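A.B. asks: File model-v5.cif follows (mmCIF, C-alpha atoms):
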data_input
#
loop_
_atom_site.label_atom_id
_atom_site.label_comp_id
_atom_site.auth_asym_id
_atom_site.auth_seq_id
_atom_site.Cartn_x
_atom_site.Cartn_y
_atom_site.Cartn_z
CA LYS A 1 4.62 12.11 -0.57
CA VAL A 2 3.06 10.68 -3.73
CA GLU A 3 6.40 11.02 -5.47
CA GLU A 4 8.14 9.12 -2.68
CA VAL A 5 5.61 6.27 -2.74
CA TYR A 6 5.60 5.94 -6.54
CA LYS A 7 9.36 6.24 -6.99
CA SER A 8 10.04 3.52 -4.41
CA TYR A 9 7.62 1.03 -5.99
CA ASP A 10 9.13 -2.09 -7.61
CA ALA A 11 6.55 -4.22 -9.42
CA THR A 12 8.90 -7.22 -9.37
CA LYS A 13 8.92 -7.31 -5.58
CA CYS A 14 5.35 -6.63 -4.47
CA THR A 15 1.85 -5.65 -5.55
CA PRO A 16 0.67 -2.02 -5.57
CA ASP A 17 -1.63 -2.79 -2.61
CA ALA A 18 1.18 -4.28 -0.55
CA HIS A 19 3.54 -1.43 -1.37
CA ALA A 20 0.99 1.24 -0.45
CA LEU A 21 0.19 -0.50 2.82
CA THR A 22 3.85 -0.94 3.71
CA THR A 23 4.89 2.57 2.71
CA LEU A 24 2.03 4.50 4.25
CA GLY A 25 1.35 2.16 7.15
CA HIS A 26 -1.29 3.28 9.62
CA TRP A 27 -2.21 6.76 10.69
CA GLU A 28 -4.15 8.48 13.40
CA ASP A 29 -7.40 10.20 12.62
CA ASP A 30 -9.80 12.23 14.70
CA SER A 31 -11.93 9.27 15.71
CA SER A 32 -11.41 7.69 19.14
CA GLY A 33 -13.58 4.72 18.24
CA ASP A 34 -15.97 5.50 21.10
CA GLY A 35 -18.08 8.08 19.32
CA THR A 36 -16.60 11.06 21.19
CA GLY A 37 -14.54 12.36 18.27
CA LEU A 38 -11.79 13.37 20.68
CA GLY A 39 -9.03 11.44 18.91
CA GLY A 40 -6.72 8.73 20.12
CA GLY A 41 -7.93 6.08 17.70
CA THR A 42 -6.20 4.67 14.64
CA LYS A 43 -7.51 3.55 11.30
CA ALA A 44 -5.88 1.06 8.96
CA LEU A 45 -4.95 2.23 5.48
CA PRO A 46 -7.35 0.97 2.76
CA GLN A 47 -5.76 -2.11 1.21
CA THR A 48 -7.26 -1.89 -2.28
CA ALA A 49 -8.17 0.88 -4.72
CA ALA A 50 -11.85 0.13 -4.18
CA GLU A 51 -11.50 0.55 -0.42
CA ALA A 52 -9.53 3.75 -0.91
CA ASP A 53 -12.33 5.20 -3.03
CA GLY A 54 -14.75 4.66 -0.16
CA THR A 55 -12.74 6.46 2.51
CA LEU A 56 -12.68 10.03 1.18
CA GLY A 57 -13.95 12.57 3.67
CA ALA A 58 -13.40 10.33 6.72
CA GLY A 59 -11.12 12.92 8.34
CA MET A 60 -8.37 15.24 7.15
CA ALA A 61 -5.41 12.95 7.88
CA ASN A 62 -7.33 10.03 6.43
CA GLU A 63 -8.28 12.05 3.35
CA ASP A 64 -4.74 13.20 2.68
CA LYS A 65 -3.29 9.72 2.84
CA THR A 66 -6.13 8.28 0.81
CA PHE A 67 -5.40 10.88 -1.88
CA VAL A 68 -1.73 9.85 -1.89
CA GLN A 69 -2.74 6.22 -2.26
CA GLN A 70 -5.22 6.95 -5.05
CA CYS A 71 -2.57 8.92 -6.97
CA PHE A 72 -0.13 6.04 -6.59
CA TYR A 73 -2.72 3.53 -7.84
CA GLY A 74 -3.54 5.83 -10.76
CA CYS A 75 0.09 6.21 -11.83
CA VAL A 76 0.50 2.43 -11.77
CA ARG A 77 -2.75 1.83 -13.66
CA TYR A 78 -1.94 4.37 -16.39
CA LYS A 79 1.79 3.67 -16.48
CA LYS A 80 1.88 3.01 -20.25
CA PRO A 81 0.08 6.16 -21.48
CA ILE A 82 2.06 8.17 -18.93
CA LYS A 83 5.28 6.72 -20.36
CA VAL A 84 4.16 7.70 -23.88
CA PHE A 85 3.77 11.30 -22.79
CA LEU A 86 7.03 11.43 -20.86
CA SER A 87 9.04 9.96 -23.74
CA ALA A 88 7.73 12.64 -26.11
CA PHE A 89 8.00 15.38 -23.49
CA TYR A 90 11.64 14.62 -22.69
CA PHE A 91 12.57 14.17 -26.35
CA ASN A 92 11.21 17.63 -27.20
CA ASN A 93 12.50 19.38 -24.08
CA ALA A 94 15.84 17.68 -23.47
CA ALA A 95 17.67 20.94 -22.86
CA SER A 96 15.04 22.37 -20.53
CA ILE A 97 13.97 19.62 -18.12
CA GLN A 98 15.80 17.23 -15.82
CA ARG A 99 15.59 13.45 -15.72
CA SER A 100 15.42 13.60 -11.93
CA ASP A 101 11.92 15.12 -12.26
CA TYR A 102 10.55 12.16 -14.25
CA THR A 103 8.38 10.85 -11.40
CA ARG A 104 7.06 14.31 -10.58
CA TYR A 105 5.97 14.85 -14.18
CA ALA A 106 4.34 11.40 -14.21
CA ILE A 107 2.24 12.34 -11.19
CA LEU A 108 1.36 15.74 -12.66
CA LEU A 109 0.17 14.05 -15.84
CA TYR A 110 -2.02 11.60 -13.93
CA LEU A 111 -3.55 14.42 -11.89
CA THR A 112 -4.14 16.50 -15.01
CA LEU A 113 -5.67 13.91 -17.32
CA TRP A 114 -7.55 11.78 -14.82
CA ARG A 115 -8.25 14.00 -11.79
CA LEU A 116 -8.35 17.65 -12.91
CA ASN A 117 -12.08 17.81 -13.58
CA GLU A 118 -12.81 16.06 -10.30
CA MET A 119 -10.51 18.39 -8.34
CA GLY A 120 -11.77 21.54 -10.04
CA HIS A 121 -9.81 24.55 -11.30
CA LYS A 122 -9.31 26.16 -7.90
CA LYS A 123 -7.76 23.15 -6.20
CA PHE A 124 -5.73 22.18 -9.26
CA ARG A 125 -4.41 25.73 -9.62
CA TYR A 126 -3.38 25.66 -5.95
CA LEU A 127 -1.48 22.44 -6.66
CA LEU A 128 0.30 24.03 -9.64
CA LEU A 129 1.26 27.09 -7.60
CA SER A 130 2.92 24.82 -5.03
CA GLN A 131 5.31 23.47 -7.69
CA ASP A 132 8.36 24.97 -9.38
CA PRO A 133 6.93 27.53 -11.87
CA THR A 134 9.42 26.73 -14.65
CA LYS A 135 8.76 22.99 -14.49
CA VAL A 136 5.01 23.55 -14.45
CA HIS A 137 5.26 25.90 -17.42
CA HIS A 138 7.20 23.40 -19.54
CA PHE A 139 4.75 20.64 -18.61
CA LEU A 140 1.53 22.53 -19.33
CA SER A 141 2.89 24.14 -22.50
CA PHE A 142 3.66 20.75 -23.99
CA LEU A 143 0.49 18.98 -22.87
CA PHE A 144 -2.02 21.71 -23.71
CA ASN A 145 -0.91 21.97 -27.32
CA HIS A 146 -3.00 20.45 -30.12
CA HIS A 147 -0.01 20.07 -32.42
CA ASN A 148 1.87 18.02 -29.83
CA ILE A 149 -1.16 15.84 -29.18
CA LYS A 150 -1.65 15.14 -32.88
CA VAL A 151 2.02 14.59 -33.78
CA TRP A 152 3.52 13.07 -30.64
CA LEU A 153 0.80 11.63 -28.44
CA LYS A 154 -2.55 10.62 -29.91
CA ASP A 155 -1.54 7.63 -32.05
CA GLU A 156 0.67 6.19 -29.32
CA TRP A 157 -1.96 6.80 -26.66
CA CYS A 158 -4.47 4.88 -28.78
CA LYS A 159 -2.34 1.76 -28.26
CA HIS A 160 -3.20 1.89 -24.56
CA ILE A 161 -6.46 3.87 -24.35
CA ASP A 162 -9.69 3.26 -26.27
CA ARG A 163 -9.83 5.83 -29.08
CA THR A 164 -13.36 6.99 -28.26
CA ALA A 165 -12.50 7.43 -24.59
CA LEU A 166 -9.31 9.24 -25.53
CA GLU A 167 -11.03 11.66 -27.88
CA ASN A 168 -14.09 12.30 -25.70
CA ASP A 169 -12.84 12.04 -22.13
CA ILE A 170 -9.24 13.20 -22.37
CA ILE A 171 -8.75 15.38 -25.45
CA ALA A 172 -12.19 17.01 -25.47
CA GLY A 173 -13.09 16.53 -21.81
CA VAL A 174 -9.80 17.67 -20.29
CA ILE A 175 -7.49 19.34 -22.83
CA ASP A 176 -10.09 21.30 -24.80
CA ALA A 177 -12.33 21.97 -21.80
CA ASN A 178 -9.48 23.50 -19.79
CA MET A 179 -7.45 25.06 -22.60
CA GLU A 180 -8.60 28.65 -22.07
CA TRP A 181 -7.80 28.96 -18.38
CA VAL A 182 -4.54 27.02 -18.76
CA GLN A 183 -3.39 29.47 -21.45
CA ASP A 184 -4.29 32.34 -19.14
CA PHE A 185 -2.38 30.66 -16.31
CA LEU A 186 0.70 30.20 -18.51
CA ALA A 187 0.66 33.84 -19.62
CA GLU A 188 0.17 34.98 -16.03
CA ARG A 189 3.05 32.83 -14.74
CA TYR A 190 5.50 33.33 -17.63
CA GLU A 191 7.61 35.99 -15.94
CA ARG A 192 7.73 33.99 -12.70
CA ALA A 193 8.82 30.90 -14.64
CA PHE A 194 11.47 32.45 -16.87
CA GLY A 195 12.32 35.79 -15.27
CA THR A 196 11.23 37.91 -18.24
CA ALA A 197 7.91 39.27 -19.37
CA GLY A 198 6.49 37.91 -22.59
CA GLU A 199 4.32 35.30 -24.23
CA ALA A 200 4.61 31.61 -23.48
CA THR A 201 6.94 30.14 -26.09
CA GLY A 202 5.14 27.98 -28.60
CA GLY A 203 1.70 28.92 -27.30
CA ALA A 204 -0.38 26.57 -25.19
CA GLY A 205 -2.99 25.88 -27.83
CA GLY A 206 -0.68 25.31 -30.76
CA GLY A 207 -3.56 25.58 -33.19
CA LYS A 208 -6.38 23.05 -33.34
CA GLU A 209 -5.90 20.69 -36.25
#
Output the file's structure as structure tokens, nothing else.
C.D. replies:
Amino acid sequence: KVEEVYKSYDATKCTPDAHALTTLGHWEDDSSGDGTGLGGGTKALPQTAAEADGTLGAGMANEDKTFVQQCFYGCVRYKKPIKVFLSAFYFNNAASIQRSDYTRYAILLYLTLWRLNEMGHKKFRYLLLSQDPTKVHHFLSFLFNHHNIKVWLKDEWCKHIDRTALENDIIAGVIDANMEWVQDFLAERYERAFGTAGEATGGAGGGKE
């Protein structure tokens, strides 16, 4: 659903808030509005990112759609650093990945760099297991690689992200902090991704420089 909302967004035609509201509309939750909790009521979709942040946990249907909206807002907010990654990722993996998956990789990057620590390993791993194993393997192998970050990403990211925040919150706080279990995940899923047993090509860590 996030992919559908993000892919259909046109910044020249409407604001992110208007697009989210139009695309997701209204949904039913488990509140009847009379305090009985028996259902039958409706709740309007949050119309801004701030409102969306305040609605988590208000009910499962509400929570799911709020998460979709937050992911959409995040992809729009971090569009430039996401584009930096995708340009390098596609350049280095032209023979292995498809252009039609561009939006999916954009969403995966947002969830990894800006939501992974909030979601936790268990929930994030569940998300990864729900995706195509080969696509996930290519994505994680490129992102969780210190050589790629140094050569292809860091300098360009610094044009859009404060260097201190990049080094502390993203590189150290996400990449380094999750490197060990991601490498284990890649090794564990290699055969499922490529059909043969063996080590992940290139290695997830790539050597810390």
A.B. asks: Given the file above and the PyMOL selection byres ((chain A and resi 144) around 8), which residues are selected, and can you give them as a list of chain:residue names?
C.D. replies: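 When the PyMOL selection byres ((chain A and resi 144) around 8) is applied, the selected residues are A:Leu140, A:Ser141, A:Phe142, A:Leu143, A:Asn145, A:His146, A:Ile175, A:Met179, A:Val182, A:Ala204, A:Gly205.
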A.B. asks: For the residues in that selection, give me C-alpha atoms as a short mmCIF file (atom, residue, chain, number, x, y, z; two decimals), in the coordinates of the input.
C.D. replies:
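Result went into again_13.cif, see below:
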data_model
loop_
_atom_site.label_atom_id
_atom_site.label_comp_id
_atom_site.auth_asym_id
_atom_site.auth_seq_id
_atom_site.Cartn_x
_atom_site.Cartn_y
_atom_site.Cartn_z
CA LEU A 140 1.53 22.53 -19.33
CA SER A 141 2.89 24.14 -22.50
CA PHE A 142 3.66 20.75 -23.99
CA LEU A 143 0.49 18.98 -22.87
CA ASN A 145 -0.91 21.97 -27.32
CA HIS A 146 -3.00 20.45 -30.12
CA ILE A 175 -7.49 19.34 -22.83
CA MET A 179 -7.45 25.06 -22.60
CA VAL A 182 -4.54 27.02 -18.76
CA ALA A 204 -0.38 26.57 -25.19
CA GLY A 205 -2.99 25.88 -27.83
#
A.B. asks: Calculate how many Å separate atom CA of Glu4 of chain A from atom CA of Ala94 of chain A, rounding to one decimal.
C.D. replies: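 Answer for the atom CA of Glu4 of chain A to atom CA of Ala94 of chain A separation: 23.8 Å.
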A.B. asks: Please determine, counting only C-alpha atoms, which residue among A:Asp155, A:Asp176, A:Asp17, A:Asp64 has the shortest atom-to-atom distance to Val76 of chain A.
C.D. replies: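 Closest to Val76 of chain A, using only C-alpha atoms: A:Asp17.
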A.B. asks: My list of candidates is A:Asn92, A:Thr134, A:Thr66, A:Thr22. Which is closest to Glu191 of chain A when distances are computed with only C-alpha atoms?
C.D. replies: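 Using only C-alpha atoms, Glu191 of chain A sits closest to A:Thr134.
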A.B. asks: Quick one: residues within 12 Å of Asn117 of chain A, only C-alpha atoms counted, chain neighbours fewer than 4 positions away excluded, as a PyMOL selection string?
C.D. replies: chain A and resi 110-113+121-125+169-170+172-178
A.B. asks: So which residues get picked by the PyMOL selection byres ((chain A and resi 3) around 8) here, written as a list in words?
C.D. replies: Lys1, Val2, Glu4, Val5, Tyr6, Lys7, Thr103, Arg104 and Ile107 of chain A
A.B. asks: Quick one: residues within 10 Å of Gly74 of chain A, all atoms listed in the file counted, chain neighbours fewer than 3 positions away excluded, as an NGL selection string?
C.D. replies: :A and (49 or 68-71 or 77-79 or 107 or 110-111 or 114-115)
A.B. asks: When you draw a straight line from atom CA of Asp184 of chain A to atom CA of Lys83 of chain A, how long is it in Å?
C.D. replies: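 Separating atom CA of Asp184 of chain A from atom CA of Lys83 of chain A is a distance of 27.4 Å.
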